[in-house]
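Scroll down for the structure; my scribbles are underneath it.
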Amino acid sequence: MTRFMFASIVYLLVAIMIIPPPVLVFVMALSHGVGTMLATFADPDALSAIRLTVLVTAATVVINTGFGVMAAWTLSQFRFPGRGLLIVLVELPLSVSPVVGGLIWLLVFGTQGWWGKVLEQWGYPIMFAPPGMVLATLFVTFPYVTRTLMPMLAHNGREAEEAAVMLGAGLWQVLWHVTLPGARLALVSGVLLTTARAMGEFGAVSVVSGHIPGLTETMPLHIETLYNGYQTVAAFTMAALLALMAITVVIARNIVERRHARMGIAA
Amino acid sequence: MSVNLDHIIRVSPRNGQPIVDDVSLTVADGSFTALVGPSGAGKTSLLRIIAGLDPHQGGQVSIDGARVDNLAARERNIGFVFQHYALFAHMSVADNIGFGLSIRPRRTRPTRAEIASRVAELLDLMQLPGVGGRYPHQLSGGQRQRVALARALATGPRLLLLDEPFGALDPLVRRQIRGWLRDLHERLGLTTILVTHDRQEATELADTIALMRHGRIVQAGTARQLEESPASPFVMEFTGDVIRIPGRVEHGLFIADMPDIHAFATTGADGRADVLIRPSDIRLLPERGGAMAWLRQTRGMLGTYDFTTSVGIQGLRFETVVPDGAAPIVVNCALDISAGRIARDDAWIQPVAVTATAVPALRT
């Protein structure tokens with residue numbers, strides 16, 4: 001009985017909090033018919049926003065997967081002074097507001113900042129340009145790969161790695177053939193989490209982008225611009241597309257996990 | 001390949017306590033040596049130092065006369081079998097076994113066909129035909145252990161190290177694999193060092209046993225040497241059943257605290273002492289004292305006696321050989337010790353077994 005009671009409370013919460021927003025987004029997008037909705041994609045600014053989102057996400061995922069793997073491996077492989085502090089630092093972006101993250105980059109690379117002016121004079125502007133937006137997204141999504149990978153590496157332990165070493169494997173061979181394949185579920189999970197977070201990031205990117213339509217607007221930023229310009233249908237269409245992308249990633253993550261569970265990798 | 005350990009010291013990186021404390025040991029070429037001892041004795045640490053997996057702070061490790069201290073673990077060409085198999089879960093059995101060959105640099109790497117034939121050969125040797133395509137989680141514990149062994153042998157190591165390889169197996173499989181491993185060792189002639197806490201396992205498998213305690217080797221030798229001339233009370237207790245009776249040495253006699261135990265002559269200095277006796281060296285003498293012995297249970301030739309002295313509360317339980325038709329209760333008896341070793345704290349007072357001469361029972 002208690003079980004049903006708790007289940008119904010959870011269902012009720014989900015029904016109120018989780019289900020309506022995406023449904024509403026799709027309803028609003030379709031409120032003036034399919035034609036009006038599709039007309040959104042005729043706007044070159046919209047296409048540019050989609051392109052930039054994909055670009056920033058791809059760059060972020062590649063870089064943060066590399067960093068995340070390195071951080072997780074170092075932190076679980078070695079014991080060194082300051083290790084605890086490093087773990088806290090890796091997790092910091094989770095607790096710092098993304099806006100603050102963006103401001104930090106602005107401070108470093110902005111025209112008032114340390115290197116901003118020099119880089120801009122050389123023709124490599126960081127702020128109010130895609131590189132800055134990638135940096136901001138990197139900061140926000142930094143912990144995900146590391147934090148999903150570390151418990152898995154700890155759980156797998158060192159024995160398999162040591163066995164590989166005794167068989168003559170070098171550091172990279174151990175990482176590539178034993179450590180990462182042994183933790184691939186966690187790795188894929190962390191990568192997909194990073195992807196989802198990077199696609200939807202607003203706060204940090206907003207600070208460093210400068211909101212130049214067609215140039216430095218990702219989808220979340222473009223949605224805001226459209227909404228503030230009373231282009232409701234276009235705004236919700238973009239939002240629906242973004243939601244669809246996120247849902248795809250979440251489903252992908254579930255499929256990976258389920259397949260993994262079926263293979264029974266407990267051994 | 002022979003292994004020579006010379007004054008090896010390793011201290012715990014956490015608290016600075018010695019884990020391996022000045023250990024020297026020579027393992028002869030082609031021998032099967034067991035490191036035995038209670039848990040925490042430093043057996044596994046010593047094995048990991050030989051493998052190069054753990055650093056040591058003092059002494060040197062030589063293999064075939066050449067120092068290997070500065071050689072990384074991967075360069076030592078040593079086969080290592082871990083307690084929990086440590087198989088690569090995401091690889092098939094064949095890929096597991098072939099791993100060591102397939103990761104070699106291109107110059108020295110065998111072709112794919114050569115690796116496959118080596119894997120097949122090893123699966124045959126391990127009596128595991130046809131499992132090459134399976135994954136570790138589809139195998140039983142005994143099969144996994146043999147796959148781990150095959151993987152360790154695939155690269156043609158010069159030395160094989162086994163870390164409690166049977167610890168996670170059920171007793172029946174354990175006994176099978178044990179006999180089979182001994183056969184394998186005889187066939188391959190590979191120098192092998194085994195870590196175990198099971199003395200029977202060590203006795204059955206190894207030619208040389210090194211008994212460890214508190215990071216030191218207490219005694220090394222054949223199983224027979226350890227049993228017949230134990231270097232300390234600890235060795236005697238580890239190598240077989242022991243009855244330990246507290247007492248004291250006085251005027252050249254060992255006198256037990258309990259009455260009705262015959263005293264016997266010793267050359268040890270006066271003071272508190274224990275006598276350690278093998279169960280076969282103890283006898284009940286009816287009508288020679290005031291104690292009572294109750295035969296609690298028998299198992300074939302052996303029986304367990306509860307020995308209660310005339311004072312009443314002091315008791316002793318021991319297992320010994322029981323003659324046919326022995327009475328279940330022996331009254332008015334005394335205990336006669338035909339041979340024993342006298343110890344004070346953790347050392348012998350007298351390094352050889354004392355054979356009791358006829359000394360009249362001391363009634364107290």
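Scheme for the structure tokens: letters A, B, ... for chains in order shown; per-chain residue numbers from 1; ligand numbers from 1 in order shown.
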
Residue list (alpha helix (DSSP H), DSSP) for stretch 125-252 of chain A, as a PyMOL selection string: chain A and resi 130-156+159-166+171-174+180-182+184-200+203-209+219-228+232-252

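All residues of protein, DNA or RNA that reach within 10 Å of A:Thr74, judged by only C-alpha atoms and not counting those fewer than 6 positions away in the chain, are A:Gly68, A:Phe80, A:Arg83, A:Met150.
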
Deliver the residues from the most recent selection as a file, using N, CA and C atoms, as a PDB file, in the first residue's frame.
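again03.pdb, written as the output of this step:
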```
ATOM      1  N   GLY A  68      38.668  15.077 -19.068  1.00  0.00           N
ATOM      2  CA  GLY A  68      37.965  14.311 -18.031  1.00  0.00           C
ATOM      3  C   GLY A  68      38.612  12.959 -17.802  1.00  0.00           C
ATOM      4  N   PHE A  80      48.678  11.720  -4.276  1.00  0.00           N
ATOM      5  CA  PHE A  80      49.693  12.770  -4.198  1.00  0.00           C
ATOM      6  C   PHE A  80      49.148  13.904  -3.347  1.00  0.00           C
ATOM      7  N   ARG A  83      45.603  16.100  -3.685  1.00  0.00           N
ATOM      8  CA  ARG A  83      44.648  15.349  -4.482  1.00  0.00           C
ATOM      9  C   ARG A  83      43.207  15.707  -4.105  1.00  0.00           C
ATOM     10  N   MET A 150      35.177   8.440 -12.396  1.00  0.00           N
ATOM     11  CA  MET A 150      35.968   8.116 -11.195  1.00  0.00           C
ATOM     12  C   MET A 150      35.407   6.966 -10.354  1.00  0.00           C
TER      13      MET A 150
END
```

For stretch 230-242 of chain B: contacts at 7 Å, only C-alpha atoms, fewer than 2 positions along chain excluded, given as a VMD selection string: chain B and resid 199 219 226 to 228 244 276 to 279 343 346 to 348

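Between A:Leu244 and the residues A:Gly200, A:Gly102, A:Leu135, A:Ala160, the shortest atom-to-atom distance, using only C-alpha atoms, involves A:Gly200.
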
I want to know what sits within 10 Å of stretch 232-243 of chain A, based on only C-alpha atoms, with residues of the same chain fewer than 5 positions away left out; could you give that as number ranges by chain? A: 22-33, 36-41, 43, 46, 49-50, 53, 196, 199-200, 219-220, 222-227, 248-249

Export of the given selection (C-alpha atoms) as a short mmCIF file (atom, residue, chain, number, x, y, z; two decimals), in the first residue's frame:
```cif
data_model
loop_
_atom_site.label_atom_id
_atom_site.label_comp_id
_atom_site.auth_asym_id
_atom_site.auth_seq_id
_atom_site.Cartn_x
_atom_site.Cartn_y
_atom_site.Cartn_z
CA PRO A 22 8.01 20.07 -23.11
CA VAL A 23 4.45 19.28 -24.16
CA LEU A 24 3.60 22.95 -23.94
CA VAL A 25 6.69 23.82 -25.96
CA PHE A 26 5.57 21.53 -28.77
CA VAL A 27 1.97 22.80 -28.55
CA MET A 28 3.10 26.41 -28.80
CA ALA A 29 5.42 25.60 -31.71
CA LEU A 30 2.51 24.08 -33.60
CA SER A 31 -0.08 26.70 -32.55
CA HIS A 32 -0.06 28.38 -35.98
CA GLY A 33 0.25 25.24 -37.99
CA THR A 36 4.49 28.59 -39.75
CA MET A 37 6.64 26.32 -37.61
CA LEU A 38 8.81 25.18 -40.51
CA ALA A 39 9.14 28.80 -41.71
CA THR A 40 11.36 29.35 -38.65
CA PHE A 41 14.11 27.36 -40.32
CA ASP A 43 15.69 32.30 -41.18
CA ALA A 46 18.18 30.25 -36.90
CA ALA A 49 22.33 29.23 -34.26
CA ILE A 50 21.82 25.50 -34.87
CA THR A 53 25.30 24.95 -31.13
CA ALA A 196 23.19 17.39 -23.13
CA MET A 199 23.68 21.99 -25.89
CA GLY A 200 21.46 23.67 -23.37
CA MET A 219 20.15 27.93 -29.87
CA PRO A 220 19.37 28.85 -26.24
CA HIS A 222 18.60 32.64 -30.12
CA ILE A 223 15.47 31.41 -28.38
CA GLU A 224 15.75 34.28 -25.92
CA THR A 225 16.26 36.82 -28.71
CA LEU A 226 13.25 35.50 -30.60
CA TYR A 227 11.08 35.43 -27.51
CA THR A 248 17.54 11.94 -28.02
CA VAL A 249 20.71 12.12 -25.94
#
```

From the list A:Val165, A:Leu180, A:Ile212, A:Ile251, the nearest residue to chain B using only C-alpha atoms is A:Val165

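Minimum atom-to-atom distance to chain A, evaluated using only C-alpha atoms, belongs to B:Gly156 out of B:Gly189, B:Gly290, B:Gly315, B:Gly156.
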
Once you count only C-alpha atoms, which residues of chain A turn out to be within 6 Å of chain B? Could you give them as an MDAnalysis selection string? chainID A and resid 159:160 165:168 267

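The closest residue to B:Arg182, picked from B:Thr222, B:Gln350, B:Gly300, B:Ala202 and counting only C-alpha atoms, is B:Ala202.
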
Surrounding residues of stretch 283-289 of chain B excluding itself and chain neighbours under 3 positions, 7 Å, only C-alpha atoms, as a count of residues only: 9

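The coordinates place atom CA of B:His197 at 26.9 Å from atom CA of B:Gly303.
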
A straight line from atom CA of A:Arg253 to atom CA of A:Val61 spans 14.9 Å

Report as a short mmCIF file (atom, residue, chain, number, x, y, z; two decimals) with C-alpha atoms, in the first residue's frame all protein, DNA and RNA residues lying within 12 Å of stretch 107-123 of chain A, evaluated on only C-alpha atoms, omitting residues in the same chain fewer than 3 positions from it.
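Dumped everything to part08.cif:
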```
data_model
loop_
_atom_site.label_atom_id
_atom_site.label_comp_id
_atom_site.auth_asym_id
_atom_site.auth_seq_id
_atom_site.Cartn_x
_atom_site.Cartn_y
_atom_site.Cartn_z
CA VAL A 100 30.00 33.60 -12.67
CA GLY A 101 31.87 31.12 -14.84
CA GLY A 102 31.23 33.30 -17.84
CA LEU A 103 32.33 36.42 -16.00
CA ILE A 104 35.64 34.80 -15.09
CA ILE A 126 38.18 35.34 -27.79
CA MET A 127 35.30 37.23 -26.26
CA PHE A 128 32.09 37.79 -28.17
CA ALA A 129 33.28 35.10 -30.57
CA PRO A 131 36.18 30.48 -29.00
CA GLY A 132 34.97 32.28 -25.89
CA MET A 133 31.68 30.44 -26.03
CA LEU A 135 35.64 28.16 -23.21
CA ALA A 136 32.54 29.06 -21.20
CA VAL A 207 27.91 36.46 -20.72
CA VAL A 208 30.66 35.89 -23.28
CA SER A 209 28.69 35.77 -26.53
CA GLY A 210 27.58 39.35 -27.05
#
```

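Surrounding stretch 22-37 of chain B within 6 Å are Met1, Ser2, Val3, Asn4, Leu5, Asp6, His7, Ile8, Ile9, Lys43, Gly189, Leu190, Thr191, Thr192, Ile193, Leu194, Val195, Thr196, His197, Ala202, Ala206, Asp207, Thr208, Ile209, Ala210, Leu211, Met212 and Arg216 of chain B, with only C-alpha atoms counted and residues fewer than 2 positions along the same chain left out.
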
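Atom CA of B:Gln17 to atom CA of B:His214 spans 10.5 Å [interatomic distance, one decimal].
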
From a DSSP calculation on the backbone, collect every residue of stretch 227-279 of chain B in strand (DSSP E) and output the set as a ChimeraX atom specification. /B:243-250,253-256,264-265,271-277

For those residues, write C-alpha atoms to a file as a short mmCIF file (atom, residue, chain, number, x, y, z; two decimals), in the first residue's frame.
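Result file follows (out.cif):
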```cif
data_model
loop_
_atom_site.label_atom_id
_atom_site.label_comp_id
_atom_site.auth_asym_id
_atom_site.auth_seq_id
_atom_site.Cartn_x
_atom_site.Cartn_y
_atom_site.Cartn_z
CA ILE B 243 48.80 -28.79 22.65
CA ARG B 244 50.21 -25.94 24.68
CA ILE B 245 50.39 -26.46 28.43
CA PRO B 246 51.50 -23.61 30.69
CA GLY B 247 53.85 -24.26 33.57
CA ARG B 248 57.28 -23.39 34.93
CA VAL B 249 60.84 -24.66 34.91
CA GLU B 250 62.24 -25.35 38.35
CA LEU B 253 62.22 -29.92 35.69
CA PHE B 254 59.26 -28.67 33.73
CA ILE B 255 56.24 -28.60 36.02
CA ALA B 256 52.82 -27.93 34.54
CA PHE B 264 60.04 -34.00 32.98
CA ALA B 265 63.65 -32.97 32.86
CA GLY B 271 61.00 -19.35 35.20
CA ARG B 272 57.60 -19.39 33.50
CA ALA B 273 57.42 -21.62 30.44
CA ASP B 274 55.04 -23.51 28.18
CA VAL B 275 55.42 -26.97 26.82
CA LEU B 276 54.30 -27.57 23.24
CA ILE B 277 53.33 -31.10 22.37
#
```
